[in-house]
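Undergrad: Provided below: entry15.pdb, containing PDB, C-alpha atoms, pLDDT in the B column.
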```pdb
ATOM      1  CA  MET A 282      13.831 -14.768  13.474  1.00 46.00           C
ATOM      2  CA  ILE A 283      14.157 -14.232   9.727  1.00 49.00           C
ATOM      3  CA  SER A 284      17.331 -16.137   8.975  1.00 50.00           C
ATOM      4  CA  ARG A 285      16.834 -16.752   5.245  1.00 59.00           C
ATOM      5  CA  LEU A 286      14.617 -14.032   3.886  1.00 59.00           C
ATOM      6  CA  PRO A 287      14.093 -14.548   0.132  1.00 68.00           C
ATOM      7  CA  ARG A 288      15.085 -11.664  -2.086  1.00 70.00           C
ATOM      8  CA  TRP A 289      11.607 -11.523  -3.618  1.00 73.00           C
ATOM      9  CA  VAL A 290      10.062 -10.656  -0.235  1.00 77.00           C
ATOM     10  CA  GLU A 291      12.434  -7.761   0.367  1.00 81.00           C
ATOM     11  CA  SER A 292      12.129  -6.438  -3.191  1.00 84.00           C
ATOM     12  CA  GLY A 293       8.356  -6.856  -3.266  1.00 84.00           C
ATOM     13  CA  ALA A 294       7.896  -5.094   0.079  1.00 85.00           C
ATOM     14  CA  PHE A 295      10.006  -2.158  -1.120  1.00 90.00           C
ATOM     15  CA  ILE A 296       8.049  -1.794  -4.372  1.00 91.00           C
ATOM     16  CA  LEU A 297       4.664  -2.099  -2.682  1.00 90.00           C
ATOM     17  CA  ALA A 298       5.653   0.529  -0.117  1.00 91.00           C
ATOM     18  CA  LEU A 299       6.813   2.787  -2.956  1.00 94.00           C
ATOM     19  CA  ILE A 300       3.414   2.388  -4.652  1.00 93.00           C
ATOM     20  CA  ALA A 301       1.604   3.243  -1.414  1.00 91.00           C
ATOM     21  CA  GLY A 302       3.789   6.269  -0.735  1.00 92.00           C
ATOM     22  CA  PHE A 303       3.212   7.459  -4.307  1.00 95.00           C
ATOM     23  CA  ILE A 304      -0.578   7.133  -4.026  1.00 91.00           C
ATOM     24  CA  ASN A 305      -0.670   8.707  -0.575  1.00 89.00           C
ATOM     25  CA  SER A 306       1.351  11.739  -1.658  1.00 91.00           C
ATOM     26  CA  ILE A 307      -1.125  12.367  -4.464  1.00 91.00           C
ATOM     27  CA  GLY A 308      -3.922  12.043  -1.936  1.00 85.00           C
ATOM     28  CA  LEU A 309      -2.292  14.620   0.314  1.00 84.00           C
ATOM     29  CA  LEU A 310      -1.689  17.007  -2.569  1.00 88.00           C
ATOM     30  CA  GLY A 311      -4.895  16.471  -4.512  1.00 85.00           C
ATOM     31  CA  PHE A 312      -7.543  15.338  -2.021  1.00 77.00           C
ATOM     32  CA  GLN A 313      -7.483  18.416   0.241  1.00 67.00           C
ATOM     33  CA  HIS A 314      -4.530  17.152   2.314  1.00 69.00           C
ATOM     34  CA  GLN A 315      -6.238  13.858   3.038  1.00 73.00           C
ATOM     35  CA  ALA A 316      -4.221  10.650   3.401  1.00 74.00           C
ATOM     36  CA  ILE A 317      -5.690   7.558   1.748  1.00 77.00           C
ATOM     37  CA  SER A 318      -3.119   4.796   2.234  1.00 76.00           C
ATOM     38  CA  HIS A 319      -3.875   4.604   5.964  1.00 75.00           C
ATOM     39  CA  LEU A 320      -6.919   5.404   8.063  1.00 79.00           C
ATOM     40  CA  SER A 321      -5.735   6.951  11.336  1.00 79.00           C
ATOM     41  CA  GLY A 322      -5.939  10.533  10.087  1.00 79.00           C
ATOM     42  CA  THR A 323      -9.102   9.870   8.108  1.00 83.00           C
ATOM     43  CA  ALA A 324     -10.809   8.298  11.111  1.00 85.00           C
ATOM     44  CA  THR A 325      -9.803  11.312  13.224  1.00 85.00           C
ATOM     45  CA  GLN A 326     -11.097  13.701  10.568  1.00 82.00           C
ATOM     46  CA  PHE A 327     -14.336  11.765  10.465  1.00 86.00           C
ATOM     47  CA  GLY A 328     -14.726  11.953  14.231  1.00 90.00           C
ATOM     48  CA  THR A 329     -14.008  15.662  14.461  1.00 91.00           C
ATOM     49  CA  GLY A 330     -16.037  16.310  11.318  1.00 87.00           C
ATOM     50  CA  LEU A 331     -19.180  14.997  12.987  1.00 89.00           C
ATOM     51  CA  ILE A 332     -18.975  18.124  15.161  1.00 92.00           C
ATOM     52  CA  THR A 333     -17.215  20.685  12.998  1.00 87.00           C
ATOM     53  CA  ALA A 334     -17.933  19.777   9.360  1.00 80.00           C
ATOM     54  CA  SER A 335     -20.963  19.363   7.134  1.00 87.00           C
ATOM     55  CA  PHE A 336     -22.870  16.095   6.856  1.00 86.00           C
ATOM     56  CA  SER A 337     -21.690  15.592   3.259  1.00 86.00           C
ATOM     57  CA  SER A 338     -18.028  16.001   4.239  1.00 87.00           C
ATOM     58  CA  SER A 339     -18.387  13.489   7.073  1.00 88.00           C
ATOM     59  CA  LEU A 340     -20.192  11.066   4.782  1.00 91.00           C
ATOM     60  CA  HIS A 341     -17.382  11.349   2.246  1.00 88.00           C
ATOM     61  CA  LEU A 342     -14.803  10.429   4.905  1.00 89.00           C
ATOM     62  CA  LEU A 343     -16.942   7.504   6.029  1.00 92.00           C
ATOM     63  CA  PHE A 344     -17.058   6.174   2.464  1.00 92.00           C
ATOM     64  CA  ILE A 345     -13.271   6.394   2.263  1.00 92.00           C
ATOM     65  CA  LEU A 346     -12.998   4.284   5.432  1.00 93.00           C
ATOM     66  CA  ILE A 347     -15.481   1.766   4.068  1.00 95.00           C
ATOM     67  CA  SER A 348     -13.686   1.626   0.701  1.00 95.00           C
ATOM     68  CA  PHE A 349     -10.400   0.743   2.398  1.00 92.00           C
ATOM     69  CA  VAL A 350     -12.101  -2.072   4.302  1.00 94.00           C
ATOM     70  CA  ILE A 351     -13.745  -3.358   1.111  1.00 95.00           C
ATOM     71  CA  GLY A 352     -10.314  -3.569  -0.530  1.00 94.00           C
ATOM     72  CA  SER A 353      -9.052  -5.557   2.472  1.00 89.00           C
ATOM     73  CA  ILE A 354     -12.084  -7.853   2.293  1.00 91.00           C
ATOM     74  CA  ILE A 355     -11.310  -8.643  -1.343  1.00 90.00           C
ATOM     75  CA  SER A 356      -7.744  -9.649  -0.452  1.00 86.00           C
ATOM     76  CA  GLY A 357      -8.899 -11.691   2.521  1.00 83.00           C
ATOM     77  CA  PHE A 358     -11.439 -13.575   0.415  1.00 86.00           C
ATOM     78  CA  TYR A 359      -9.091 -14.110  -2.515  1.00 82.00           C
ATOM     79  CA  LEU A 360      -6.030 -15.280  -0.584  1.00 78.00           C
ATOM     80  CA  LYS A 361      -7.710 -17.324   2.178  1.00 68.00           C
ATOM     81  CA  GLY A 362      -5.019 -16.428   4.681  1.00 59.00           C
ATOM     82  CA  GLY A 363      -2.700 -13.585   5.604  1.00 55.00           C
ATOM     83  CA  SER A 364       0.703 -15.270   5.740  1.00 57.00           C
ATOM     84  CA  LEU A 365       3.018 -14.425   2.863  1.00 60.00           C
ATOM     85  CA  LYS A 366       3.784 -17.560   0.826  1.00 62.00           C
ATOM     86  CA  LEU A 367       5.285 -18.153  -2.584  1.00 60.00           C
ATOM     87  CA  GLY A 368       2.746 -19.568  -5.029  1.00 57.00           C
ATOM     88  CA  ARG A 369      -0.270 -17.641  -3.819  1.00 65.00           C
ATOM     89  CA  ARG A 370      -2.202 -15.705  -6.402  1.00 75.00           C
ATOM     90  CA  TYR A 371      -0.797 -12.275  -5.633  1.00 81.00           C
ATOM     91  CA  SER A 372      -0.624 -11.449  -9.331  1.00 88.00           C
ATOM     92  CA  GLY A 373      -4.407 -11.381  -9.651  1.00 90.00           C
ATOM     93  CA  LEU A 374      -4.710  -8.952  -6.758  1.00 90.00           C
ATOM     94  CA  LEU A 375      -2.009  -6.709  -8.189  1.00 93.00           C
ATOM     95  CA  TYR A 376      -3.881  -6.598 -11.501  1.00 96.00           C
ATOM     96  CA  LEU A 377      -7.046  -5.729  -9.589  1.00 96.00           C
ATOM     97  CA  GLU A 378      -5.203  -2.966  -7.729  1.00 95.00           C
ATOM     98  CA  ALA A 379      -4.156  -1.582 -11.103  1.00 97.00           C
ATOM     99  CA  LEU A 380      -7.789  -1.647 -12.271  1.00 97.00           C
ATOM    100  CA  LEU A 381      -8.931   0.165  -9.122  1.00 97.00           C
ATOM    101  CA  LEU A 382      -6.324   2.838  -9.725  1.00 97.00           C
ATOM    102  CA  LEU A 383      -7.417   3.173 -13.353  1.00 97.00           C
ATOM    103  CA  ALA A 384     -10.978   3.705 -12.132  1.00 97.00           C
ATOM    104  CA  ALA A 385      -9.651   6.296  -9.679  1.00 95.00           C
ATOM    105  CA  ILE A 386      -7.908   8.150 -12.513  1.00 95.00           C
ATOM    106  CA  PHE A 387     -11.081   8.088 -14.617  1.00 95.00           C
ATOM    107  CA  TYR A 388     -13.247   9.632 -11.903  1.00 93.00           C
ATOM    108  CA  LEU A 389     -10.589  12.018 -10.584  1.00 90.00           C
ATOM    109  CA  SER A 390     -10.276  13.444 -14.083  1.00 87.00           C
ATOM    110  CA  LYS A 391     -13.901  14.569 -13.922  1.00 84.00           C
ATOM    111  CA  GLN A 392     -15.048  17.804 -12.314  1.00 73.00           C
ATOM    112  CA  ASP A 393     -16.495  16.068  -9.259  1.00 73.00           C
ATOM    113  CA  GLY A 394     -13.951  13.343  -8.582  1.00 79.00           C
ATOM    114  CA  LEU A 395     -15.031  12.180  -5.131  1.00 85.00           C
ATOM    115  CA  ILE A 396     -15.724   8.639  -6.349  1.00 91.00           C
ATOM    116  CA  GLY A 397     -12.097   8.461  -7.444  1.00 92.00           C
ATOM    117  CA  HIS A 398     -11.069   8.829  -3.791  1.00 90.00           C
ATOM    118  CA  TYR A 399     -12.988   5.677  -2.938  1.00 93.00           C
ATOM    119  CA  PHE A 400     -11.335   3.608  -5.665  1.00 95.00           C
ATOM    120  CA  ALA A 401      -7.884   4.821  -4.595  1.00 93.00           C
ATOM    121  CA  SER A 402      -8.646   3.973  -0.964  1.00 92.00           C
ATOM    122  CA  ALA A 403      -9.912   0.514  -1.941  1.00 95.00           C
ATOM    123  CA  ALA A 404      -6.689  -0.078  -3.880  1.00 94.00           C
ATOM    124  CA  CYS A 405      -4.646   0.753  -0.775  1.00 90.00           C
ATOM    125  CA  GLY A 406      -6.795  -1.468   1.436  1.00 90.00           C
ATOM    126  CA  LEU A 407      -6.407  -4.334  -1.006  1.00 91.00           C
ATOM    127  CA  GLN A 408      -2.635  -3.890  -1.114  1.00 87.00           C
ATOM    128  CA  ASN A 409      -2.234  -3.606   2.649  1.00 83.00           C
ATOM    129  CA  ALA A 410      -4.040  -6.919   3.128  1.00 81.00           C
ATOM    130  CA  LEU A 411      -1.878  -8.774   0.613  1.00 78.00           C
ATOM    131  CA  ALA A 412       0.212 -10.096   3.505  1.00 64.00           C
ATOM    132  CA  THR A 413       0.119  -9.695   7.256  1.00 61.00           C
ATOM    133  CA  THR A 414       3.148 -11.691   8.404  1.00 50.00           C
ATOM    134  CA  TYR A 415       6.268 -13.354   7.081  1.00 48.00           C
ATOM    135  CA  SER A 416       8.377 -15.474   9.459  1.00 45.00           C
ATOM    136  CA  GLY A 417       7.116 -13.509  12.433  1.00 47.00           C
ATOM    137  CA  ALA A 418       7.650 -10.074  10.856  1.00 52.00           C
ATOM    138  CA  VAL A 419       4.539  -7.942  10.476  1.00 58.00           C
ATOM    139  CA  ILE A 420       4.448  -6.541   6.952  1.00 68.00           C
ATOM    140  CA  ARG A 421       2.442  -3.409   6.301  1.00 73.00           C
ATOM    141  CA  THR A 422       3.259  -1.483   3.140  1.00 74.00           C
ATOM    142  CA  THR A 423       0.693   1.332   3.203  1.00 71.00           C
ATOM    143  CA  HIS A 424       1.414   2.884   6.607  1.00 77.00           C
ATOM    144  CA  MET A 425       4.573   3.271   8.660  1.00 82.00           C
ATOM    145  CA  THR A 426       3.424   3.670  12.287  1.00 81.00           C
ATOM    146  CA  GLY A 427       3.687  -0.027  13.093  1.00 80.00           C
ATOM    147  CA  ILE A 428       7.029  -0.323  11.292  1.00 86.00           C
ATOM    148  CA  PHE A 429       8.609   2.481  13.321  1.00 88.00           C
ATOM    149  CA  THR A 430       7.107   1.014  16.485  1.00 88.00           C
ATOM    150  CA  ASP A 431       8.595  -2.404  15.743  1.00 85.00           C
ATOM    151  CA  ILE A 432      12.024  -0.891  15.109  1.00 89.00           C
ATOM    152  CA  GLY A 433      11.825   0.890  18.455  1.00 93.00           C
ATOM    153  CA  ILE A 434      10.847  -2.356  20.198  1.00 90.00           C
ATOM    154  CA  MET A 435      13.738  -4.193  18.535  1.00 89.00           C
ATOM    155  CA  ILE A 436      16.257  -1.563  19.612  1.00 91.00           C
ATOM    156  CA  GLY A 437      14.878  -1.565  23.160  1.00 95.00           C
ATOM    157  CA  ALA A 438      15.134  -5.355  23.304  1.00 90.00           C
ATOM    158  CA  LYS A 439      18.714  -5.194  22.003  1.00 89.00           C
ATOM    159  CA  LEU A 440      19.638  -2.702  24.731  1.00 92.00           C
ATOM    160  CA  ARG A 441      18.212  -5.186  27.218  1.00 90.00           C
ATOM    161  CA  GLY A 442      20.563  -7.834  25.864  1.00 86.00           C
ATOM    162  CA  GLU A 443      18.274  -9.804  23.555  1.00 86.00           C
ATOM    163  CA  ALA A 444      19.273 -11.023  20.091  1.00 83.00           C
ATOM    164  CA  PHE A 445      18.868  -8.535  17.253  1.00 80.00           C
ATOM    165  CA  ASP A 446      17.323  -9.741  13.993  1.00 81.00           C
ATOM    166  CA  LYS A 447      19.235  -7.813  11.337  1.00 84.00           C
ATOM    167  CA  ARG A 448      17.221  -9.244   8.457  1.00 81.00           C
ATOM    168  CA  LYS A 449      13.960  -8.098   9.994  1.00 82.00           C
ATOM    169  CA  LEU A 450      15.454  -4.625  10.479  1.00 87.00           C
ATOM    170  CA  LEU A 451      16.542  -4.634   6.827  1.00 87.00           C
ATOM    171  CA  LEU A 452      13.002  -5.492   5.743  1.00 86.00           C
ATOM    172  CA  PHE A 453      11.562  -2.661   7.829  1.00 88.00           C
ATOM    173  CA  LEU A 454      14.126  -0.155   6.543  1.00 91.00           C
ATOM    174  CA  LEU A 455      13.372  -1.149   2.953  1.00 91.00           C
ATOM    175  CA  ILE A 456       9.657  -0.573   3.545  1.00 89.00           C
ATOM    176  CA  ILE A 457      10.297   2.850   5.082  1.00 93.00           C
ATOM    177  CA  THR A 458      12.681   3.815   2.271  1.00 95.00           C
ATOM    178  CA  GLY A 459      10.200   2.653  -0.354  1.00 94.00           C
ATOM    179  CA  PHE A 460       7.329   4.607   1.192  1.00 92.00           C
ATOM    180  CA  ILE A 461       9.342   7.830   1.468  1.00 94.00           C
ATOM    181  CA  SER A 462      10.731   7.401  -2.059  1.00 97.00           C
ATOM    182  CA  GLY A 463       7.182   6.920  -3.327  1.00 95.00           C
ATOM    183  CA  GLY A 464       6.166  10.126  -1.613  1.00 94.00           C
ATOM    184  CA  VAL A 465       8.971  12.035  -3.309  1.00 97.00           C
ATOM    185  CA  LEU A 466       8.133  10.605  -6.726  1.00 97.00           C
ATOM    186  CA  GLY A 467       4.405  11.117  -6.232  1.00 96.00           C
ATOM    187  CA  ALA A 468       4.860  14.776  -5.348  1.00 95.00           C
ATOM    188  CA  TYR A 469       7.163  15.344  -8.311  1.00 97.00           C
ATOM    189  CA  PHE A 470       4.933  13.690 -10.899  1.00 97.00           C
ATOM    190  CA  PHE A 471       1.727  15.146  -9.444  1.00 95.00           C
ATOM    191  CA  HIS A 472       3.005  18.637 -10.215  1.00 95.00           C
ATOM    192  CA  LEU A 473       3.784  17.503 -13.763  1.00 96.00           C
ATOM    193  CA  PHE A 474       0.730  15.407 -14.598  1.00 94.00           C
ATOM    194  CA  TYR A 475      -1.787  16.014 -11.798  1.00 92.00           C
ATOM    195  CA  PHE A 476      -3.962  12.884 -11.231  1.00 93.00           C
ATOM    196  CA  GLN A 477      -2.635  11.316 -14.439  1.00 95.00           C
ATOM    197  CA  ALA A 478       0.490  10.603 -12.390  1.00 97.00           C
ATOM    198  CA  LEU A 479      -1.389   7.600 -10.968  1.00 96.00           C
ATOM    199  CA  TYR A 480      -0.677   5.814 -14.239  1.00 97.00           C
ATOM    200  CA  ILE A 481       2.819   5.256 -12.846  1.00 97.00           C
ATOM    201  CA  PRO A 482       1.715   3.045  -9.906  1.00 96.00           C
ATOM    202  CA  VAL A 483      -0.703   1.324 -12.313  1.00 97.00           C
ATOM    203  CA  PHE A 484       2.236   0.399 -14.512  1.00 97.00           C
ATOM    204  CA  ILE A 485       4.313  -0.712 -11.509  1.00 96.00           C
ATOM    205  CA  CYS A 486       1.485  -2.948 -10.239  1.00 96.00           C
ATOM    206  CA  ILE A 487       1.161  -4.645 -13.623  1.00 96.00           C
ATOM    207  CA  LEU A 488       4.927  -5.059 -13.972  1.00 95.00           C
ATOM    208  CA  LEU A 489       5.226  -6.460 -10.442  1.00 90.00           C
ATOM    209  CA  ALA A 490       2.392  -8.919 -11.130  1.00 91.00           C
ATOM    210  CA  LEU A 491       4.117 -10.146 -14.287  1.00 92.00           C
ATOM    211  CA  LEU A 492       7.479 -10.515 -12.556  1.00 87.00           C
ATOM    212  CA  TYR A 493       5.924 -12.387  -9.653  1.00 84.00           C
ATOM    213  CA  SER A 494       4.123 -14.759 -12.029  1.00 85.00           C
ATOM    214  CA  MET A 495       7.337 -15.547 -13.878  1.00 84.00           C
ATOM    215  CA  TYR A 496       9.307 -16.000 -10.646  1.00 76.00           C
ATOM    216  CA  SER A 497       6.626 -18.235  -9.158  1.00 76.00           C
ATOM    217  CA  LEU A 498       6.558 -20.438 -12.272  1.00 75.00           C
ATOM    218  CA  LYS A 499      10.340 -20.704 -12.258  1.00 75.00           C
ATOM    219  CA  MET A 500      10.484 -21.728  -8.581  1.00 69.00           C
ATOM    220  CA  ASN A 501       7.689 -24.291  -8.961  1.00 67.00           C
ATOM    221  CA  ARG A 502       9.299 -26.156 -11.855  1.00 67.00           C
TER     222      ARG A 502
END
```
Re-express the file's structure as structure tokens.
TA:
Amino acid sequence: MISRLPRWVESGAFILALIAGFINSIGLLGFQHQAISHLSGTATQFGTGLITASFSSSLHLLFILISFVIGSIISGFYLKGGSLKLGRRYSGLLYLEALLLLAAIFYLSKQDGLIGHYFASAACGLQNALATTYSGAVIRTTHMTGIFTDIGIMIGAKLRGEAFDKRKLLLFLLIITGFISGGVLGAYFFHLFYFQALYIPVFICILLALLYSMYSLKMNR
């Protein structure tokens, strides 16, 4: 059970979920209603597209899937482990996520912006692989299916008489709130600035990286 969850984990999970919700809302609004922060819908579209869509459309979806995996590979190689621990070089990955989003903005601003989809998907894959667990809690900031499932399991276990981990529930609720808030903000700013709205998560990634670096240095003194 998470008995002493550091504030930086809760705050970081909320902000990362907000970033993912922001990016995903722009994907839904600007990429022909296609989610990019998670792959369930994209994988389904790819499967059905092999029968109903053109070869180029199916190939595009396949590249989005591959891009997400490439982003995850980068995190896996860079961190050498999935457990969330203070002192790991998360700042470097957050800067890289910002660069991937900048590349996405550059290509999305062009007439044929398909390559921008791949950079945005890679950024989400990289972020989602930043951490897999913390004190037994599965942390996923770019999709909510597992989070809602875990909450349901926790409630079911509580009804059966088992102990209820309130801190874990708080973490999950913060992630859900962050993702939904990101979706609201993404939709609002997309209508104002179109794909240029992605500069906002770029800025948040850089700011979060700087704050984490300063906090890590302070705690390691």
Undergrad: So, counting only C-alpha atoms, which residue among A:Trp289, A:Tyr399, A:Phe474, A:Phe445 is closest to A:Ala385?
TA: A:Tyr399
Undergrad: When you count all atoms listed in the file, which of these residues is closest to A:Leu466: A:Ile304, A:Leu380, A:Leu488, A:Ile432?
TA: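 Looking at the shortest contact to A:Leu466, the residue is A:Ile304.
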Undergrad: What's the 12 Å shell around A:Gly352, counting all atoms listed in the file, without same-chain residues fewer than 6 positions away, as a VMD selection string?
TA: chain A and resid 318 345 to 346 358 to 359 374 to 375 377 to 378 381 to 382 399 to 411
Undergrad: For the residues in that selection, give me C-alpha atoms as a PDB file, in the coordinates of the input.
TA:
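Saved as result09.pdb:
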```
ATOM      1  CA  SER A 318      -3.119   4.796   2.234  1.00 76.00           C
ATOM      2  CA  ILE A 345     -13.271   6.394   2.263  1.00 92.00           C
ATOM      3  CA  LEU A 346     -12.998   4.284   5.432  1.00 93.00           C
ATOM      4  CA  PHE A 358     -11.439 -13.575   0.415  1.00 86.00           C
ATOM      5  CA  TYR A 359      -9.091 -14.110  -2.515  1.00 82.00           C
ATOM      6  CA  LEU A 374      -4.710  -8.952  -6.758  1.00 90.00           C
ATOM      7  CA  LEU A 375      -2.009  -6.709  -8.189  1.00 93.00           C
ATOM      8  CA  LEU A 377      -7.046  -5.729  -9.589  1.00 96.00           C
ATOM      9  CA  GLU A 378      -5.203  -2.966  -7.729  1.00 95.00           C
ATOM     10  CA  LEU A 381      -8.931   0.165  -9.122  1.00 97.00           C
ATOM     11  CA  LEU A 382      -6.324   2.838  -9.725  1.00 97.00           C
ATOM     12  CA  TYR A 399     -12.988   5.677  -2.938  1.00 93.00           C
ATOM     13  CA  PHE A 400     -11.335   3.608  -5.665  1.00 95.00           C
ATOM     14  CA  ALA A 401      -7.884   4.821  -4.595  1.00 93.00           C
ATOM     15  CA  SER A 402      -8.646   3.973  -0.964  1.00 92.00           C
ATOM     16  CA  ALA A 403      -9.912   0.514  -1.941  1.00 95.00           C
ATOM     17  CA  ALA A 404      -6.689  -0.078  -3.880  1.00 94.00           C
ATOM     18  CA  CYS A 405      -4.646   0.753  -0.775  1.00 90.00           C
ATOM     19  CA  GLY A 406      -6.795  -1.468   1.436  1.00 90.00           C
ATOM     20  CA  LEU A 407      -6.407  -4.334  -1.006  1.00 91.00           C
ATOM     21  CA  GLN A 408      -2.635  -3.890  -1.114  1.00 87.00           C
ATOM     22  CA  ASN A 409      -2.234  -3.606   2.649  1.00 83.00           C
ATOM     23  CA  ALA A 410      -4.040  -6.919   3.128  1.00 81.00           C
ATOM     24  CA  LEU A 411      -1.878  -8.774   0.613  1.00 78.00           C
TER      25      LEU A 411
END
```
Undergrad: Run through the PyMOL selection byres ((chain A and resi 316) around 12) on the given coordinates and return the selected residues as a short mmCIF file (atom, residue, chain, number, x, y, z; two decimals) with C-alpha atoms, keeping the file's coordinate frame.
TA:
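Result file is expr_35.cif:
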```cif
data_model
loop_
_atom_site.label_atom_id
_atom_site.label_comp_id
_atom_site.auth_asym_id
_atom_site.auth_seq_id
_atom_site.Cartn_x
_atom_site.Cartn_y
_atom_site.Cartn_z
CA ALA A 301 1.60 3.24 -1.41
CA GLY A 302 3.79 6.27 -0.74
CA PHE A 303 3.21 7.46 -4.31
CA ILE A 304 -0.58 7.13 -4.03
CA ASN A 305 -0.67 8.71 -0.57
CA SER A 306 1.35 11.74 -1.66
CA ILE A 307 -1.12 12.37 -4.46
CA GLY A 308 -3.92 12.04 -1.94
CA LEU A 309 -2.29 14.62 0.31
CA LEU A 310 -1.69 17.01 -2.57
CA GLY A 311 -4.89 16.47 -4.51
CA PHE A 312 -7.54 15.34 -2.02
CA GLN A 313 -7.48 18.42 0.24
CA HIS A 314 -4.53 17.15 2.31
CA GLN A 315 -6.24 13.86 3.04
CA ILE A 317 -5.69 7.56 1.75
CA SER A 318 -3.12 4.80 2.23
CA HIS A 319 -3.88 4.60 5.96
CA LEU A 320 -6.92 5.40 8.06
CA SER A 321 -5.74 6.95 11.34
CA GLY A 322 -5.94 10.53 10.09
CA THR A 323 -9.10 9.87 8.11
CA ALA A 324 -10.81 8.30 11.11
CA THR A 325 -9.80 11.31 13.22
CA GLN A 326 -11.10 13.70 10.57
CA LEU A 342 -14.80 10.43 4.90
CA ILE A 345 -13.27 6.39 2.26
CA LEU A 346 -13.00 4.28 5.43
CA PHE A 349 -10.40 0.74 2.40
CA HIS A 398 -11.07 8.83 -3.79
CA TYR A 399 -12.99 5.68 -2.94
CA ALA A 401 -7.88 4.82 -4.60
CA SER A 402 -8.65 3.97 -0.96
CA CYS A 405 -4.65 0.75 -0.78
CA THR A 423 0.69 1.33 3.20
CA HIS A 424 1.41 2.88 6.61
CA GLY A 464 6.17 10.13 -1.61
#
```
Undergrad: Which residues, named as in the file, does the PyMOL selection byres ((chain A and resi 459) around 10) pick out? Answer as a list in words.
TA: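 Matching residues under the PyMOL selection byres ((chain A and resi 459) around 10) are Ser292, Ala294, Phe295, Ile296, Leu297, Ala298, Leu299, Ile300, Ala301, Gly302, Phe303, Thr422, Phe453, Leu454, Leu455, Ile456, Ile457, Thr458, Phe460, Ile461, Ser462, Gly463, Gly464 and Val465 of chain A.
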Undergrad: Take atom CA of A:Glu291 and atom CA of A:Asp431 and report the distance between them in Å, one decimal.
TA: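 We find that atom CA of A:Glu291 and atom CA of A:Asp431 lie 16.7 Å from each other.
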Undergrad: Quick one: what's the axis-aligned box for stretch 289-301 of chain A, all listed atoms, 5 Å on every side, centre and edges in Å to one decimal, as JSON?
TA:
```
{"center_x": 7.0, "center_y": -4.1, "center_z": -2.1, "size_x": 20.8, "size_y": 24.8, "size_z": 15.0}
```
Undergrad: In terms of the shortest atom-to-atom distance over only C-alpha atoms, which of A:Arg288, A:Phe429, A:Gly397, A:Phe470 is closest to A:Phe344?
TA: A:Gly397
Undergrad: Measuring atom to atom with all atoms listed in the file, identify which of A:Arg448, A:Gly293, A:Gly437, A:Ser372 is nearest to A:Leu491.
TA: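 Smallest separation from A:Leu491 among the options: A:Ser372.
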Undergrad: Between atom CA of A:Tyr388 and atom CA of A:Tyr475, measure the distance and give it in Å to one decimal.
TA: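 Result for atom CA of A:Tyr388 versus atom CA of A:Tyr475: 13.1 Å, one decimal.
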Undergrad: How many Å separate atom CA of A:Tyr376 from atom CA of A:Ile485?
TA: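 Those two atoms sit 10.1 Å apart.
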